[in-house]
file model-v1.cif (mmCIF, C-alpha atoms)
data_run
#
loop_
_atom_site.label_atom_id
_atom_site.label_comp_id
_atom_site.auth_asym_id
_atom_site.auth_seq_id
_atom_site.Cartn_x
_atom_site.Cartn_y
_atom_site.Cartn_z
CA MET A 1 -206.69 -53.84 119.62
CA TYR A 2 -205.82 -55.01 116.10
CA LEU A 3 -204.92 -51.43 115.17
CA THR A 4 -202.34 -51.40 117.94
CA TYR A 5 -200.88 -54.64 116.60
CA THR A 6 -200.93 -53.20 113.08
CA TYR A 7 -199.01 -50.17 114.30
CA TRP A 8 -196.31 -52.07 116.17
CA ILE A 9 -195.81 -54.75 113.50
CA SER A 10 -195.66 -52.28 110.61
CA THR A 11 -193.41 -49.90 112.56
CA ALA A 12 -191.08 -52.73 113.54
CA LEU A 13 -190.86 -53.98 109.94
CA VAL A 14 -190.23 -50.57 108.38
CA SER A 15 -187.64 -49.89 111.11
CA LEU A 16 -185.99 -53.21 110.32
CA LEU A 17 -185.91 -52.25 106.64
CA TYR A 18 -184.19 -48.95 107.45
CA VAL A 19 -181.74 -50.34 110.01
CA SER A 20 -180.70 -53.21 107.70
CA SER A 21 -180.23 -50.70 104.90
CA ALA A 22 -178.07 -48.53 107.17
CA VAL A 23 -175.96 -51.54 108.11
CA LEU A 24 -175.46 -52.24 104.39
CA TYR A 25 -174.50 -48.58 103.82
CA ILE A 26 -171.92 -48.77 106.61
CA GLY A 27 -170.58 -52.26 105.93
CA LYS A 28 -170.48 -52.17 102.15
CA ALA A 29 -170.06 -48.50 101.32
CA ALA A 30 -168.20 -49.20 98.05
CA TYR A 31 -171.03 -51.46 96.85
CA VAL A 32 -173.60 -48.79 97.76
CA ARG A 33 -171.65 -46.10 95.89
CA HIS A 34 -171.51 -48.36 92.84
CA ALA A 35 -175.24 -49.15 93.05
CA GLN A 36 -176.06 -45.45 93.35
CA ALA A 37 -173.85 -44.69 90.34
CA GLU A 38 -175.87 -47.24 88.35
CA LEU A 39 -178.99 -45.29 89.29
CA GLY A 40 -177.38 -42.09 88.01
CA PHE A 41 -176.26 -40.61 91.33
CA SER A 42 -172.61 -39.66 91.64
CA ALA A 43 -172.71 -38.24 95.17
CA GLY A 44 -170.84 -41.02 96.96
CA TYR A 45 -169.96 -38.64 99.79
CA LEU A 46 -173.63 -38.79 100.88
CA VAL A 47 -173.43 -42.47 101.86
CA PRO A 48 -172.33 -41.88 105.50
CA PHE A 49 -174.94 -39.13 105.89
CA MET A 50 -177.68 -41.38 104.50
CA ALA A 51 -176.60 -44.22 106.79
CA ALA A 52 -176.92 -41.93 109.80
CA ILE A 53 -180.36 -40.73 108.72
CA LYS A 54 -181.49 -44.32 108.12
CA LEU A 55 -180.53 -45.11 111.72
CA LEU A 56 -181.98 -41.95 113.24
CA ALA A 57 -185.41 -41.96 111.52
CA PRO A 58 -186.62 -45.27 113.01
CA LEU A 59 -185.10 -44.32 116.37
CA VAL A 60 -187.10 -41.07 116.42
CA ILE A 61 -190.32 -42.84 115.42
CA LEU A 62 -189.90 -45.63 117.96
CA SER A 63 -188.82 -43.38 120.84
CA ARG A 64 -191.32 -40.63 119.95
CA PHE A 65 -189.77 -38.17 122.37
CA ASN A 66 -191.10 -35.36 120.16
CA VAL A 67 -194.27 -35.79 118.07
CA ALA A 68 -193.31 -33.10 115.55
CA LEU A 69 -189.90 -34.71 115.00
CA SER A 70 -191.58 -38.10 114.64
CA ASP A 71 -193.90 -36.70 111.97
CA LEU A 72 -190.89 -35.18 110.22
CA ALA A 73 -189.19 -38.61 110.25
CA TYR A 74 -192.32 -40.14 108.70
CA ALA A 75 -192.30 -37.46 105.99
CA GLY A 76 -188.61 -37.96 105.27
CA MET A 77 -189.03 -41.71 105.04
CA PHE A 78 -192.01 -41.24 102.72
CA TYR A 79 -190.07 -39.03 100.31
CA HIS A 80 -187.03 -41.30 100.47
CA LEU A 81 -189.08 -44.40 99.63
CA VAL A 82 -190.96 -42.66 96.80
CA LEU A 83 -187.75 -41.32 95.28
CA SER A 84 -186.04 -44.69 95.67
CA ALA A 85 -188.84 -46.46 93.83
CA LEU A 86 -188.87 -43.83 91.08
CA ALA A 87 -185.08 -43.99 90.67
CA HIS A 88 -185.21 -47.75 90.14
CA LEU A 89 -188.15 -47.50 87.77
CA GLY A 90 -186.45 -44.65 85.90
CA VAL A 91 -183.41 -46.77 84.99
CA GLY A 92 -185.49 -49.78 84.02
CA LYS A 93 -184.94 -51.88 87.16
CA PRO A 94 -188.47 -52.49 88.48
CA LYS A 95 -187.32 -55.29 90.81
CA GLY A 96 -185.24 -52.74 92.69
CA ALA A 97 -188.41 -50.77 93.47
CA ILE A 98 -190.05 -53.67 95.34
CA PRO A 99 -188.43 -52.97 98.75
CA ALA A 100 -189.42 -49.30 98.46
CA ALA A 101 -193.00 -50.24 97.56
CA LEU A 102 -193.22 -52.61 100.53
CA GLY A 103 -191.67 -49.93 102.73
CA LEU A 104 -194.30 -47.44 101.58
CA ILE A 105 -197.11 -49.84 102.49
CA LEU A 106 -195.61 -50.48 105.91
CA LEU A 107 -194.94 -46.78 106.46
CA PHE A 108 -198.52 -45.89 105.57
CA ALA A 109 -199.87 -48.54 107.96
CA SER A 110 -197.60 -47.29 110.73
CA PHE A 111 -198.48 -43.63 110.19
CA ALA A 112 -202.22 -44.25 109.89
CA THR A 113 -202.43 -46.29 113.09
CA GLN A 114 -199.95 -44.42 115.29
CA ASN A 115 -202.64 -42.50 117.22
CA THR A 116 -204.23 -45.76 118.38
CA ALA A 117 -201.02 -47.10 119.89
CA ARG A 118 -199.33 -43.98 121.24
CA SER A 119 -200.40 -41.73 124.10
CA SER A 120 -199.26 -38.51 122.40
CA ALA A 121 -201.32 -38.11 119.25
CA SER A 122 -200.00 -36.77 115.99
CA PRO A 123 -202.13 -33.92 114.62
CA TYR A 124 -201.51 -35.13 111.07
CA ALA A 125 -202.40 -38.81 111.42
CA PRO A 126 -206.05 -39.84 111.16
CA ALA A 127 -207.89 -40.06 114.43
CA ALA A 128 -208.22 -43.53 115.91
CA PRO A 129 -212.05 -43.49 115.96
CA VAL A 130 -212.11 -42.64 112.25
CA ILE A 131 -209.96 -45.63 111.35
CA ALA A 132 -211.75 -47.93 113.76
CA SER A 133 -215.20 -46.85 112.60
CA GLY A 134 -214.26 -47.41 108.97
CA LEU A 135 -212.90 -50.88 109.68
CA TYR A 136 -215.75 -51.67 112.06
CA SER A 137 -218.42 -50.69 109.52
CA GLU A 138 -216.75 -52.87 106.88
CA ALA A 139 -216.71 -55.79 109.32
CA VAL A 140 -220.36 -55.25 110.25
CA LEU A 141 -221.37 -55.06 106.60
CA HIS A 142 -219.41 -58.22 105.84
CA ASP A 143 -220.99 -60.11 108.78
CA ALA A 144 -224.48 -58.89 107.86
CA SER A 145 -224.15 -60.11 104.28
CA GLU A 146 -223.43 -63.68 105.37
#
call {"tool": "encode", "arguments": {"input": "model-v1.cif", "output": "structure tokens"}}
result
Amino acid sequence: MYLTYTYWISTALVSLLYVSSAVLYIGKAAYVRHAQAELGFSAGYLVPFMAAIKLLAPLVILSRFNVALSDLAYAGMFYHLVLSALAHLGVGKPKGAIPAALGLILLFASFATQNTARSSASPYAPAAPVIASGLYSEAVLHDASE
């Protein structure tokens, strides 16, 4: 049961991160272009495209109308968050990498627990019994040591 909660909470939070970022991209496009220029990116024309992707990826994961497309959205979000963190670290702004690092943690939790909460299983995510047995054995070992 706690794996289901982990899935829904982590998925909701990473979706909130992406939707709020998309709203920022749409509402303050000039600011986003300037921030990207500070990171060394001069492709301001990509801002509307990135805003659309940031809205579509969580929608695909939450709706899960196609498991393969959902896995593709997870992969795209993973690469985006890794590259975002590396871009901030590369220009000497480690504080800017914190949201990406938190997003990666939430994304990993969501991806790893998706098969416990969803009826259509992803072939790439770990099986629910594997996760549950690993967590269960740790809990049993912890209880036995007390």
call {"tool": "residues_around", "arguments": {"input": "model-v1.cif", "residues": "region 77-88 of chain A", "least_positions_apart": "6", "cutoff": "12 Å", "atoms": "only C-alpha atoms", "output": "PyMOL selection string"}}
result
chain A and resi 11+14-15+17-18+35-41+50+53-58+60-61+70-71+94-111
call {"tool": "residues_around", "arguments": {"input": "model-v1.cif", "residues": "Gln114 (chain A)", "least_positions_apart": "3", "cutoff": "10 Å", "atoms": "all atoms listed in the file", "output": "ChimeraX atom specification"}}
result
/A:3-4,6-8,11,61,108-111,117-122,125-128
call {"tool": "atom_distance", "arguments": {"input": "model-v1.cif", "atom1": "CA of Lys28 (chain A)", "atom2": "CA of Leu46 (chain A)"}}
result
13.8 Å
call {"tool": "resolve_selection", "arguments": {"input": "model-v1.cif", "expression": "the PyMOL selection byres ((chain A and resi 45) around 12)", "output": "ChimeraX atom specification"}}
result
/A:25,29-30,32-33,36-37,41-44,46-51
call {"tool": "closest_residue", "arguments": {"input": "model-v1.cif", "among": "A:Ile26, A:Leu62, A:Ala52, A:Val91", "to": "Ala12 (chain A)", "atoms": "only C-alpha atoms"}}
result
A:Leu62
call {"tool": "build_atoms", "arguments": {"input": "model-v1.cif", "residues": "region 82-117 of chain A", "atoms": "N, CA and C atoms", "output": "short mmCIF file (atom, residue, chain, number, x, y, z; two decimals), in the frame of the given file"}}
result
data_model
loop_
_atom_site.label_atom_id
_atom_site.label_comp_id
_atom_site.auth_asym_id
_atom_site.auth_seq_id
_atom_site.Cartn_x
_atom_site.Cartn_y
_atom_site.Cartn_z
N VAL A 82 -190.40 -43.01 98.11
CA VAL A 82 -190.96 -42.66 96.80
C VAL A 82 -189.84 -42.41 95.80
N LEU A 83 -188.85 -41.63 96.19
CA LEU A 83 -187.75 -41.32 95.28
C LEU A 83 -186.91 -42.56 94.97
N SER A 84 -186.76 -43.45 95.92
CA SER A 84 -186.04 -44.69 95.67
C SER A 84 -186.76 -45.53 94.63
N ALA A 85 -188.05 -45.68 94.79
CA ALA A 85 -188.84 -46.46 93.83
C ALA A 85 -188.77 -45.82 92.44
N LEU A 86 -188.92 -44.51 92.38
CA LEU A 86 -188.87 -43.83 91.08
C LEU A 86 -187.49 -43.91 90.44
N ALA A 87 -186.44 -43.88 91.23
CA ALA A 87 -185.08 -43.99 90.67
C ALA A 87 -184.89 -45.36 90.03
N HIS A 88 -185.34 -46.40 90.70
CA HIS A 88 -185.21 -47.75 90.14
C HIS A 88 -186.07 -47.92 88.90
N LEU A 89 -187.28 -47.40 88.94
CA LEU A 89 -188.15 -47.50 87.77
C LEU A 89 -187.60 -46.67 86.61
N GLY A 90 -186.98 -45.54 86.93
CA GLY A 90 -186.45 -44.65 85.90
C GLY A 90 -185.29 -45.24 85.11
N VAL A 91 -184.53 -46.15 85.71
CA VAL A 91 -183.41 -46.77 84.99
C VAL A 91 -183.78 -48.15 84.47
N GLY A 92 -185.05 -48.50 84.56
CA GLY A 92 -185.49 -49.78 84.02
C GLY A 92 -185.20 -50.98 84.89
N LYS A 93 -185.16 -50.78 86.22
CA LYS A 93 -184.94 -51.88 87.16
C LYS A 93 -186.12 -51.98 88.12
N PRO A 94 -187.26 -52.47 87.63
CA PRO A 94 -188.47 -52.49 88.48
C PRO A 94 -188.33 -53.39 89.71
N LYS A 95 -187.50 -54.42 89.64
CA LYS A 95 -187.32 -55.29 90.81
C LYS A 95 -186.68 -54.53 91.97
N GLY A 96 -185.87 -53.54 91.66
CA GLY A 96 -185.24 -52.74 92.69
C GLY A 96 -186.22 -51.84 93.43
N ALA A 97 -187.40 -51.62 92.85
CA ALA A 97 -188.41 -50.77 93.47
C ALA A 97 -189.29 -51.54 94.45
N ILE A 98 -189.19 -52.86 94.47
CA ILE A 98 -190.05 -53.67 95.34
C ILE A 98 -189.84 -53.37 96.83
N PRO A 99 -188.59 -53.31 97.33
CA PRO A 99 -188.43 -52.97 98.75
C PRO A 99 -189.01 -51.60 99.10
N ALA A 100 -188.86 -50.63 98.20
CA ALA A 100 -189.42 -49.30 98.46
C ALA A 100 -190.94 -49.35 98.48
N ALA A 101 -191.54 -50.12 97.59
CA ALA A 101 -193.00 -50.24 97.56
C ALA A 101 -193.51 -50.90 98.84
N LEU A 102 -192.84 -51.96 99.26
CA LEU A 102 -193.22 -52.61 100.53
C LEU A 102 -193.02 -51.66 101.71
N GLY A 103 -191.92 -50.91 101.68
CA GLY A 103 -191.67 -49.93 102.73
C GLY A 103 -192.75 -48.86 102.79
N LEU A 104 -193.23 -48.43 101.62
CA LEU A 104 -194.30 -47.44 101.58
C LEU A 104 -195.59 -47.98 102.20
N ILE A 105 -195.90 -49.22 101.91
CA ILE A 105 -197.11 -49.84 102.49
C ILE A 105 -196.98 -49.92 104.01
N LEU A 106 -195.83 -50.38 104.47
CA LEU A 106 -195.61 -50.48 105.91
C LEU A 106 -195.60 -49.10 106.58
N LEU A 107 -194.99 -48.13 105.91
CA LEU A 107 -194.94 -46.78 106.46
C LEU A 107 -196.34 -46.18 106.56
N PHE A 108 -197.15 -46.40 105.53
CA PHE A 108 -198.52 -45.89 105.57
C PHE A 108 -199.30 -46.54 106.71
N ALA A 109 -199.16 -47.85 106.87
CA ALA A 109 -199.87 -48.54 107.96
C ALA A 109 -199.42 -48.02 109.32
N SER A 110 -198.13 -47.80 109.47
CA SER A 110 -197.60 -47.29 110.73
C SER A 110 -198.12 -45.88 111.01
N PHE A 111 -198.05 -45.02 110.01
CA PHE A 111 -198.48 -43.63 110.19
C PHE A 111 -199.98 -43.55 110.47
N ALA A 112 -200.76 -44.33 109.75
CA ALA A 112 -202.22 -44.25 109.89
C ALA A 112 -202.72 -44.79 111.22
N THR A 113 -201.97 -45.68 111.84
CA THR A 113 -202.43 -46.29 113.09
C THR A 113 -201.67 -45.80 114.32
N GLN A 114 -200.78 -44.84 114.16
CA GLN A 114 -199.95 -44.42 115.29
C GLN A 114 -200.76 -43.81 116.44
N ASN A 115 -201.85 -43.13 116.15
CA ASN A 115 -202.64 -42.50 117.22
C ASN A 115 -203.40 -43.52 118.07
N THR A 116 -203.56 -44.74 117.58
CA THR A 116 -204.23 -45.76 118.38
C THR A 116 -203.27 -46.39 119.38
N ALA A 117 -201.99 -46.39 119.06
CA ALA A 117 -201.02 -47.10 119.89
C ALA A 117 -200.20 -46.18 120.79
#
